[in-house]
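S.K.: Structure file model06.txt, compact mmCIF, C-alpha atoms and all ligand atoms, is pasted below:
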# COMPACT_ATOMS: atom_id res chain seq x y z
CA MET A 974 0.00 0.00 0.00
CA ILE A 975 2.92 2.35 0.63
CA ASP A 976 3.82 2.14 -3.07
CA GLN A 977 0.29 3.24 -3.96
CA LEU A 978 0.66 6.21 -1.63
CA VAL A 979 4.05 7.13 -3.13
CA ALA A 980 2.60 6.85 -6.65
CA GLY A 981 -0.30 9.10 -5.66
CA ILE A 982 2.04 11.72 -4.23
CA LYS A 983 4.15 11.68 -7.39
CA LYS A 984 1.10 11.96 -9.62
CA THR A 985 -0.53 14.83 -7.74
CA GLU A 986 2.76 16.46 -6.70
CA ALA A 987 1.02 17.02 -3.39
CA PRO A 988 2.34 15.28 -0.27
CA ILE A 989 -0.96 16.14 1.38
CA VAL A 990 -3.59 14.20 3.24
CA VAL A 991 -6.94 15.85 3.80
CA GLY A 992 -8.21 15.13 7.29
CA LEU A 993 -11.89 14.26 7.27
CA ASP A 994 -12.70 15.32 10.85
CA PRO A 995 -16.23 16.66 10.39
CA GLN A 996 -17.82 18.54 13.27
CA MET A 997 -21.44 19.74 13.22
CA LYS A 998 -20.34 23.33 13.80
CA PHE A 999 -18.38 23.24 10.52
CA ILE A 1000 -21.27 21.93 8.47
CA PRO A 1001 -23.41 24.56 6.78
CA ASP A 1002 -27.18 24.65 7.27
CA GLU A 1003 -27.49 24.05 3.54
CA VAL A 1004 -26.23 20.51 4.19
CA LYS A 1005 -27.89 19.95 7.56
CA ASN A 1006 -31.43 21.27 7.07
CA PRO A 1007 -32.59 19.06 4.18
CA VAL A 1008 -31.42 16.00 6.14
CA PHE A 1009 -33.16 17.13 9.33
CA ASP A 1010 -36.35 17.73 7.30
CA GLU A 1011 -36.14 14.25 5.91
CA MET A 1012 -34.91 12.28 8.93
CA GLY A 1013 -35.59 14.46 11.96
CA GLU A 1014 -32.98 15.35 14.57
CA THR A 1015 -31.80 11.79 14.89
CA LEU A 1016 -28.43 10.07 15.12
CA GLU A 1017 -29.12 8.61 11.71
CA ALA A 1018 -29.50 12.15 10.38
CA ALA A 1019 -26.19 13.10 12.00
CA GLY A 1020 -24.45 10.20 10.24
CA GLU A 1021 -26.03 11.17 6.91
CA ILE A 1022 -24.95 14.80 7.37
CA LEU A 1023 -21.34 13.82 8.10
CA PHE A 1024 -21.29 11.65 5.01
CA ARG A 1025 -22.82 14.30 2.70
CA PHE A 1026 -20.38 16.93 3.96
CA ASN A 1027 -17.40 14.59 3.42
CA LYS A 1028 -18.62 13.56 0.00
CA ALA A 1029 -18.82 17.16 -1.21
CA ILE A 1030 -15.28 17.84 0.01
CA VAL A 1031 -13.92 14.62 -1.44
CA ASP A 1032 -15.52 15.36 -4.81
CA ALA A 1033 -13.91 18.81 -4.75
CA VAL A 1034 -10.36 17.70 -3.87
CA CYS A 1035 -9.90 14.12 -5.04
CA ASP A 1036 -7.96 15.11 -8.18
CA LEU A 1037 -5.57 17.27 -6.13
CA VAL A 1038 -4.45 14.95 -3.32
CA PRO A 1039 -3.47 11.31 -2.96
CA ALA A 1040 -5.01 10.57 0.43
CA VAL A 1041 -7.55 11.32 3.11
CA LYS A 1042 -7.53 10.64 6.84
CA PRO A 1043 -10.91 10.23 8.51
CA GLN A 1044 -10.59 10.57 12.30
CA ILE A 1045 -12.88 7.93 13.80
CA ALA A 1046 -13.69 9.94 16.96
CA MET A 1047 -15.68 12.47 14.95
CA TYR A 1048 -17.97 9.66 13.79
CA GLU A 1049 -17.94 7.48 16.89
CA ARG A 1050 -19.47 10.29 18.97
CA PHE A 1051 -22.71 9.67 17.04
CA GLY A 1052 -22.73 5.98 17.94
CA ILE A 1053 -23.56 3.27 15.45
CA PRO A 1054 -24.97 5.67 12.79
CA GLY A 1055 -21.76 7.68 13.12
CA LEU A 1056 -19.62 4.58 12.63
CA ALA A 1057 -21.73 3.69 9.60
CA ALA A 1058 -20.86 7.14 8.20
CA TYR A 1059 -17.17 6.43 8.90
CA GLN A 1060 -17.43 3.20 6.94
CA ARG A 1061 -19.32 4.86 4.06
CA THR A 1062 -16.71 7.63 3.98
CA ILE A 1063 -13.88 5.10 3.66
CA ASP A 1064 -15.66 3.21 0.90
CA TYR A 1065 -16.53 6.38 -1.00
CA CYS A 1066 -12.97 7.75 -0.80
CA LYS A 1067 -11.59 4.47 -2.09
CA SER A 1068 -14.06 4.52 -4.96
CA ARG A 1069 -12.65 7.96 -5.88
CA GLY A 1070 -9.13 6.51 -6.03
CA LEU A 1071 -7.88 7.94 -2.73
CA VAL A 1072 -5.65 6.16 -0.24
CA VAL A 1073 -7.40 6.09 3.14
CA ILE A 1074 -5.58 6.45 6.44
CA GLY A 1075 -7.95 5.37 9.20
CA ASP A 1076 -7.02 7.55 12.15
CA VAL A 1077 -7.99 5.13 14.89
CA LYS A 1078 -4.90 5.27 17.16
CA ARG A 1079 -5.31 1.71 18.36
CA GLY A 1080 -2.93 -0.47 20.37
CA ASP A 1081 -3.56 -2.83 23.28
CA ILE A 1082 -2.41 -6.19 24.60
CA GLY A 1083 -1.67 -8.67 21.82
CA SER A 1084 -5.03 -10.43 21.58
CA THR A 1085 -6.95 -7.16 21.63
CA SER A 1086 -4.68 -5.52 19.07
CA GLU A 1087 -5.31 -8.53 16.85
CA ALA A 1088 -9.03 -7.71 16.95
CA TYR A 1089 -8.37 -4.02 16.24
CA ALA A 1090 -6.13 -4.90 13.31
CA ASP A 1091 -8.81 -7.20 11.89
CA ALA A 1092 -11.47 -4.51 12.29
CA HIS A 1093 -9.57 -1.63 10.73
CA LEU A 1094 -7.22 -3.21 8.18
CA GLY A 1095 -8.09 -6.85 7.93
CA ARG A 1096 -11.09 -9.08 7.68
CA VAL A 1097 -13.36 -11.06 9.94
CA MET A 1098 -14.94 -14.40 9.33
CA VAL A 1099 -18.52 -15.18 10.29
CA GLY A 1100 -18.69 -18.89 9.71
CA GLU A 1101 -17.40 -19.36 6.18
CA ARG A 1102 -18.20 -15.81 5.17
CA GLU A 1103 -15.54 -13.09 5.04
CA TYR A 1104 -16.25 -9.44 5.89
CA LYS A 1105 -14.03 -6.43 5.47
CA LEU A 1106 -15.46 -3.74 7.68
CA PHE A 1107 -13.55 -0.51 8.12
CA ASP A 1108 -11.37 -1.35 5.18
CA ALA A 1109 -8.83 1.49 5.43
CA ASP A 1110 -5.46 1.26 3.66
CA PHE A 1111 -3.46 2.46 6.67
CA ALA A 1112 -4.23 2.82 10.36
CA THR A 1113 -2.61 4.94 13.05
CA VAL A 1114 -1.23 2.85 15.91
CA ASN A 1115 -0.40 3.82 19.48
CA PRO A 1116 2.78 1.98 20.60
CA TYR A 1117 2.48 2.70 24.32
CA LEU A 1118 1.75 -0.92 25.19
CA GLY A 1119 4.93 -2.12 23.51
CA SER A 1120 5.71 -4.39 20.62
CA ASP A 1121 3.08 -7.05 21.33
CA GLY A 1122 0.45 -4.36 20.73
CA VAL A 1123 1.98 -3.47 17.36
CA VAL A 1124 2.98 -6.88 15.98
CA PRO A 1125 -0.66 -7.96 15.22
CA PHE A 1126 -0.93 -4.89 12.97
CA LEU A 1127 2.34 -5.83 11.22
CA LYS A 1128 0.96 -9.31 10.54
CA VAL A 1129 -2.22 -7.92 9.01
CA CYS A 1130 -0.20 -5.40 6.97
CA ASP A 1131 1.79 -8.27 5.54
CA ALA A 1132 -1.23 -10.46 4.82
CA GLN A 1133 -3.50 -7.73 3.41
CA ASP A 1134 -1.02 -5.31 1.79
CA LYS A 1135 -1.78 -2.52 4.25
CA GLY A 1136 0.29 -0.11 6.31
CA ILE A 1137 0.46 1.65 9.65
CA PHE A 1138 1.68 4.95 11.06
CA VAL A 1139 3.00 4.56 14.59
CA LEU A 1140 2.78 7.54 16.96
CA VAL A 1141 6.33 8.68 17.67
CA LYS A 1142 6.17 12.37 18.57
CA THR A 1143 2.68 13.82 18.54
CA SER A 1144 1.82 17.40 17.63
CA ASN A 1145 -0.12 18.41 20.73
CA PRO A 1146 1.22 20.86 23.33
CA SER A 1147 1.55 18.30 26.15
CA SER A 1148 3.07 15.52 24.04
CA GLY A 1149 6.38 16.06 25.83
CA GLU A 1150 4.98 15.07 29.22
CA PHE A 1151 5.74 11.44 28.46
CA GLN A 1152 7.28 11.37 24.99
CA ASP A 1153 10.20 13.70 25.80
CA ARG A 1154 11.14 11.94 29.05
CA LEU A 1155 14.83 11.15 29.10
CA VAL A 1156 15.82 7.54 29.41
CA LEU A 1157 19.30 6.25 30.19
CA VAL A 1158 20.44 4.06 27.31
CA ARG A 1159 23.71 2.55 26.16
CA ALA A 1160 25.63 5.08 24.13
CA GLY A 1161 26.71 4.55 20.55
CA GLU A 1162 25.83 5.73 17.13
CA PHE A 1163 22.61 4.34 15.83
CA ASP A 1164 23.59 1.63 13.39
CA GLU A 1165 20.66 0.63 11.26
CA ASP A 1166 22.27 -2.48 9.75
CA ALA A 1167 23.32 -3.78 13.12
CA GLY A 1168 19.72 -3.50 14.21
CA GLY A 1169 20.03 -0.38 16.28
CA SER A 1170 21.90 0.26 19.45
CA ILE A 1171 19.31 0.93 22.03
CA ASP A 1172 19.83 -1.12 25.14
CA THR A 1173 17.88 0.35 27.98
CA ALA A 1174 19.73 0.29 31.26
CA PHE A 1175 17.69 -1.32 33.98
CA PHE A 1176 17.86 0.29 37.32
CA THR A 1177 18.33 -2.14 40.13
CA GLY A 1178 19.02 0.32 42.92
CA LYS A 1179 16.51 1.79 45.31
CA LYS A 1180 14.74 5.01 44.53
CA ASN A 1181 15.12 7.91 46.93
CA LYS A 1182 12.57 10.64 47.40
CA GLY A 1183 13.63 12.68 44.40
CA GLY A 1184 14.00 9.71 42.04
CA LEU A 1185 16.86 7.34 41.34
CA SER A 1186 19.99 7.58 43.43
CA LEU A 1187 23.33 8.12 41.76
CA GLU A 1188 24.50 4.75 43.10
CA SER A 1189 21.66 2.98 41.37
CA ILE A 1190 22.56 4.64 38.08
CA VAL A 1191 26.20 3.65 38.48
CA LEU A 1192 25.08 0.12 39.30
CA ALA A 1193 22.93 0.08 36.19
CA ALA A 1194 25.82 1.27 34.05
CA GLY A 1195 27.80 -1.70 35.37
CA LYS A 1196 31.32 -2.45 34.34
CA ASP A 1197 31.13 -0.24 31.26
CA GLY A 1198 31.06 2.77 33.53
CA LEU A 1199 28.63 5.64 33.36
CA ARG A 1200 30.28 7.22 30.38
CA SER A 1201 29.02 4.50 28.08
CA TYR A 1202 25.44 5.56 28.74
CA VAL A 1203 23.55 8.57 27.48
CA LEU A 1204 20.19 10.13 28.13
CA ARG A 1205 17.85 10.02 25.17
CA PRO A 1206 14.23 11.10 24.82
CA MET A 1207 11.58 8.43 24.78
CA TYR A 1208 10.36 9.42 21.31
CA GLU A 1209 13.78 8.52 19.85
CA ILE A 1210 13.60 5.11 21.44
CA VAL A 1211 10.15 4.55 19.92
CA ALA A 1212 11.52 5.78 16.57
CA GLU A 1213 14.34 3.24 16.64
CA GLU A 1214 11.82 0.48 17.27
CA VAL A 1215 9.74 1.78 14.34
CA ALA A 1216 12.87 1.70 12.16
CA ARG A 1217 13.41 -1.91 13.19
CA TRP A 1218 9.82 -2.92 12.33
CA ALA A 1219 10.11 -0.99 9.06
CA ARG A 1220 13.21 -2.92 7.95
CA GLU A 1221 11.28 -6.21 7.77
CA PRO A 1222 11.74 -7.21 4.09
CA ARG A 1223 8.16 -8.43 3.71
CA LEU A 1224 6.93 -4.96 4.63
CA MET A 1225 9.30 -3.07 2.35
CA GLY A 1226 7.76 -1.53 -0.76
CA LYS A 1227 9.38 -1.29 -4.19
CA SER A 1228 9.67 2.46 -3.60
CA GLY A 1229 12.21 1.84 -0.81
CA TYR A 1230 9.66 2.89 1.78
CA SER A 1231 8.14 0.54 4.31
CA GLU A 1232 4.54 -0.18 5.18
CA VAL A 1233 5.54 0.91 8.69
CA GLY A 1234 5.48 4.69 8.95
CA ALA A 1235 5.55 7.11 11.85
CA VAL A 1236 3.56 10.10 13.09
CA VAL A 1237 5.59 13.19 13.96
CA GLY A 1238 3.93 16.58 14.52
CA ALA A 1239 4.69 19.58 12.31
CA THR A 1240 4.78 21.57 15.53
CA TYR A 1241 8.13 19.99 16.47
CA PRO A 1242 10.33 20.61 13.41
CA GLU A 1243 13.69 20.15 15.19
CA MET A 1244 12.63 16.77 16.49
CA GLY A 1245 11.38 15.94 13.00
CA LYS A 1246 14.89 16.50 11.68
CA VAL A 1247 16.38 13.94 14.08
CA LEU A 1248 13.55 11.47 13.59
CA ARG A 1249 13.79 11.63 9.78
CA LYS A 1250 17.34 10.26 10.10
CA ILE A 1251 16.49 7.57 12.63
CA MET A 1252 13.72 6.12 10.42
CA PRO A 1253 15.09 6.33 6.86
CA HIS A 1254 12.61 3.84 5.39
CA SER A 1255 9.49 5.13 7.11
CA PHE A 1256 7.08 7.61 5.65
CA ILE A 1257 6.25 10.28 8.21
CA LEU A 1258 2.64 11.36 8.61
CA VAL A 1259 2.90 14.99 9.73
CA PRO A 1260 -0.19 16.42 11.44
CA GLY A 1261 -0.27 19.87 13.02
CA TYR A 1262 -0.17 21.94 9.83
CA GLY A 1263 -2.67 24.82 9.73
CA ALA A 1264 -5.06 24.82 12.68
CA GLN A 1265 -2.33 23.78 15.15
CA GLY A 1266 0.14 26.37 13.87
CA GLY A 1267 2.47 24.32 11.63
CA LYS A 1268 3.62 26.09 8.45
CA GLY A 1269 5.38 25.07 5.23
CA LYS A 1270 8.75 26.27 6.48
CA ASP A 1271 8.50 23.87 9.44
CA LEU A 1272 8.26 20.89 7.14
CA THR A 1273 11.54 20.87 5.24
CA HIS A 1274 13.34 18.38 7.50
CA PHE A 1275 10.52 15.86 7.43
CA PHE A 1276 11.23 15.11 3.78
CA ASN A 1277 14.09 13.08 2.32
CA LYS A 1278 16.32 14.40 -0.44
CA ASP A 1279 14.12 12.66 -3.01
CA GLY A 1280 11.31 15.04 -2.01
CA LEU A 1281 9.41 12.07 -0.59
CA GLY A 1282 9.20 10.52 2.85
CA ALA A 1283 6.51 12.69 4.38
CA ILE A 1284 2.82 13.40 3.95
CA VAL A 1285 1.30 16.39 5.68
CA ASN A 1286 -2.20 16.38 7.16
CA SER A 1287 -4.56 19.29 7.52
CA SER A 1288 -8.09 18.75 8.76
CA ARG A 1289 -9.82 21.90 10.06
CA GLY A 1290 -7.67 24.10 7.82
CA ILE A 1291 -9.23 22.45 4.77
CA ILE A 1292 -12.65 21.17 5.67
CA ALA A 1293 -13.62 24.37 7.51
CA ALA A 1294 -11.76 26.72 5.17
CA TYR A 1295 -14.95 28.61 4.24
CA LYS A 1296 -15.18 29.86 7.83
CA GLN A 1297 -11.59 31.11 7.94
CA GLU A 1298 -9.39 33.82 6.45
CA PRO A 1299 -8.76 34.33 3.58
CA TYR A 1300 -11.65 32.22 2.29
CA CYS A 1301 -14.56 33.46 4.41
CA ASP A 1302 -14.83 36.67 2.39
CA LYS A 1303 -14.86 34.87 -0.94
CA TYR A 1304 -17.00 31.81 -0.32
CA MET A 1305 -20.57 31.51 0.89
CA PRO A 1306 -21.32 28.61 3.27
CA GLU A 1307 -22.99 26.66 0.48
CA ASN A 1308 -19.72 26.85 -1.46
CA PHE A 1309 -17.72 25.25 1.38
CA ALA A 1310 -16.28 22.56 -0.88
CA ASP A 1311 -14.86 25.16 -3.29
CA ALA A 1312 -13.18 26.86 -0.35
CA SER A 1313 -11.66 23.50 0.64
CA ARG A 1314 -10.31 23.10 -2.88
CA ALA A 1315 -8.74 26.55 -2.73
CA ALA A 1316 -7.21 25.72 0.68
CA VAL A 1317 -5.67 22.52 -0.69
CA LYS A 1318 -4.13 24.44 -3.58
CA ALA A 1319 -2.69 27.03 -1.20
CA MET A 1320 -1.29 24.29 1.05
CA ARG A 1321 0.32 22.57 -1.91
CA LYS A 1322 1.97 25.81 -2.99
CA ASP A 1323 3.19 26.50 0.55
CA ILE A 1324 4.72 23.03 0.92
CA ARG A 1325 6.28 22.98 -2.54
CA GLU A 1326 7.90 26.35 -1.97
CA ALA A 1327 9.25 25.14 1.37
CA ILE A 1328 10.71 21.86 0.17
CA GLY A 1329 11.79 23.16 -3.21
O1 LIG A 1401 -2.40 10.63 14.24
C1 LIG A 1401 -2.78 11.76 13.91
O2 LIG A 1401 -3.26 11.95 12.81
C2 LIG A 1401 -2.50 12.89 14.80
C3 LIG A 1401 -1.34 12.81 15.53
C4 LIG A 1401 -0.84 13.95 16.16
O3 LIG A 1401 0.23 13.95 16.73
N1 LIG A 1401 -1.57 15.09 16.09
C5 LIG A 1401 -2.77 15.18 15.42
O4 LIG A 1401 -3.34 16.28 15.37
N2 LIG A 1401 -3.27 14.06 14.83
C6 LIG A 1401 -4.60 14.10 14.17
O5 LIG A 1401 -4.50 14.97 13.04
C7 LIG A 1401 -5.69 15.77 12.92
C8 LIG A 1401 -5.33 17.22 13.06
O6 LIG A 1401 -6.41 18.06 12.81
P1 LIG A 1401 -6.26 19.62 12.51
O7 LIG A 1401 -5.51 20.19 13.67
O8 LIG A 1401 -7.68 20.09 12.43
O9 LIG A 1401 -5.52 19.76 11.22
C9 LIG A 1401 -6.64 15.25 13.99
O10 LIG A 1401 -7.42 14.22 13.38
C10 LIG A 1401 -5.74 14.64 15.02
O11 LIG A 1401 -6.37 13.58 15.71
Rewrite the structure from the file as structure tokens, please.
Ligand SMILES: O=C(O)c1cc(=O)[nH]c(=O)n1[C@@H]1O[C@H](COP(=O)(O)O)[C@@H](O)[C@H]1O

M.R.:
Amino acid sequence: MIDQLVAGIKKTEAPIVVGLDPQMKFIPDEVKNPVFDEMGETLEAAGEILFRFNKAIVDAVCDLVPAVKPQIAMYERFGIPGLAAYQRTIDYCKSRGLVVIGDVKRGDIGSTSEAYADAHLGRVMVGEREYKLFDADFATVNPYLGSDGVVPFLKVCDAQDKGIFVLVKTSNPSSGEFQDRLVLVRAGEFDEDAGGSIDTAFFTGKKNKGGLSLESIVLAAGKDGLRSYVLRPMYEIVAEEVARWAREPRLMGKSGYSEVGAVVGATYPEMGKVLRKIMPHSFILVPGYGAQGGKGKDLTHFFNKDGLGAIVNSSRGIIAAYKQEPYCDKYMPENFADASRAAVKAMRKDIREAIG
């Protein structure tokens, strides 16, 4: 699937994914009222409204971009009719030739992750009958539970020709609370061919009030001495694990990119620069452009020299463009999809100017 994404980016010359995160407050009355008249103020109407809004945007931008990213939470909040709209959105986007990244951020113990992977990328059997439900091309995966929460997704990616984007450094303001925590690890240059160099030091000493005692750290460093250990942020350790999963030959595309990608926020460009190097074969999904403050100039280091390697998401900045500057003066609410098209074109120009 990664090769299909790369081909789409080359064809459109737009490393852009349009985030389909519909919220009722973004949806014009021109879309909502006819559905309410027909179906009443019901959850089913809400699902229908989300789908009609998405469809109009998809029809307006599908020749400009290679991919879309529906965020499941925006649908799930309307219960089963909302999830039906999520499924319809995926199916419709695929019918328009778009690659679909299901933003589901799943990850759990092994057996549960297996079920999530089946639901969002795989298939389920009911007796002899096979169903593909939320049949996205990629899913976002939360690695916090460790590798046994990710491996079931890798297996499904291999079997079904799908891909994942693993959260490495997220775009939100408090992402550093856990992700930037420093961890003592064995020092040494990261050597991709040798399978990485991370070897977390285990602390065996007692903790004092303020944290670990110096003696316990020295004990952990063992005979190598403290100098052979360095402090590294947690997100780099996750990135090195992503690089290891990505190197699996069965998951490597013909393009040289792996089915195993990473999520790194546009709001942390310096970290993006380091992470680009740690994960040479992973595509980076870069959210945080637009509504969260990320700009074209922040994106340069997320791309490889070949101009590939990253795909930038914007959700509110595109789907709600008609409500924002500079589009709100030019577009009436009923022309929201035209405003989204204009916003995609402006984003493409901004990114292309930044990455040359
Ligand atoms: O995995 C994601 O897509 C994601 C990761 C991250 O670090 N930050 C982030 O904003 N996202 C998602 O990207 C979208 C960003 O939306 P906008 O801020 O409206 O462009 C939302 O669907 C978020 O859930």

S.K.: Which residues are near range 1206-1222 of chain A? Cut-off 6 Å, all atoms listed in the file, ignore same chain within fewer than 5 positions. Put them as a PyMOL selection string.

M.R.: chain A and resi 1141-1142+1152-1155+1231+1233+1252

S.K.: To one decimal place in Å, what is the distance between CA of Ala1264 in chain A and CA of Ile975 in chain A?

M.R.: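 Pair CA of Ala1264 in chain A / CA of Ile975 in chain A returns 26.7 Å.
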
S.K.: Return the single residue from A:Ile1137, A:Met1305, A:Ala1319, A:Ile982 that is closest to ligand LIG 1401 (chain A), with distances computed using only C-alpha atoms and all ligand atoms.

M.R.: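 Looking only at the distances to ligand LIG 1401 (chain A), the closest residue turns out to be A:Ile1137.
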
S.K.: What does the list of residues within 7 Å of ligand LIG 1401 (chain A) look like if you count only C-alpha atoms and all ligand atoms, written as a list of chain:residue names?

M.R.: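 So the residues close to ligand LIG 1401 (chain A) are A:Gly992, A:Asp994, A:Gln1044, A:Asp1076, A:Lys1078, A:Thr1113, A:Leu1140, A:Lys1142, A:Thr1143, A:Ser1144, A:Asn1145, A:Val1236, A:Val1237, A:Gly1238, A:Pro1260, A:Gly1261, A:Tyr1262, A:Gly1263, A:Ala1264, A:Gln1265, A:Asn1286, A:Ser1287, A:Ser1288, A:Arg1289, A:Gly1290.
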
S.K.: List every protein, DNA or RNA residue that has an atom no more than 9 Å from (-5.6, -2.4, 16.1) in the file's coordinate frame, counting all atoms listed in the file, and report them as a ChimeraX atom specification.

M.R.: /A:1077-1081,1085-1094,1112-1115,1122-1123,1125-1126
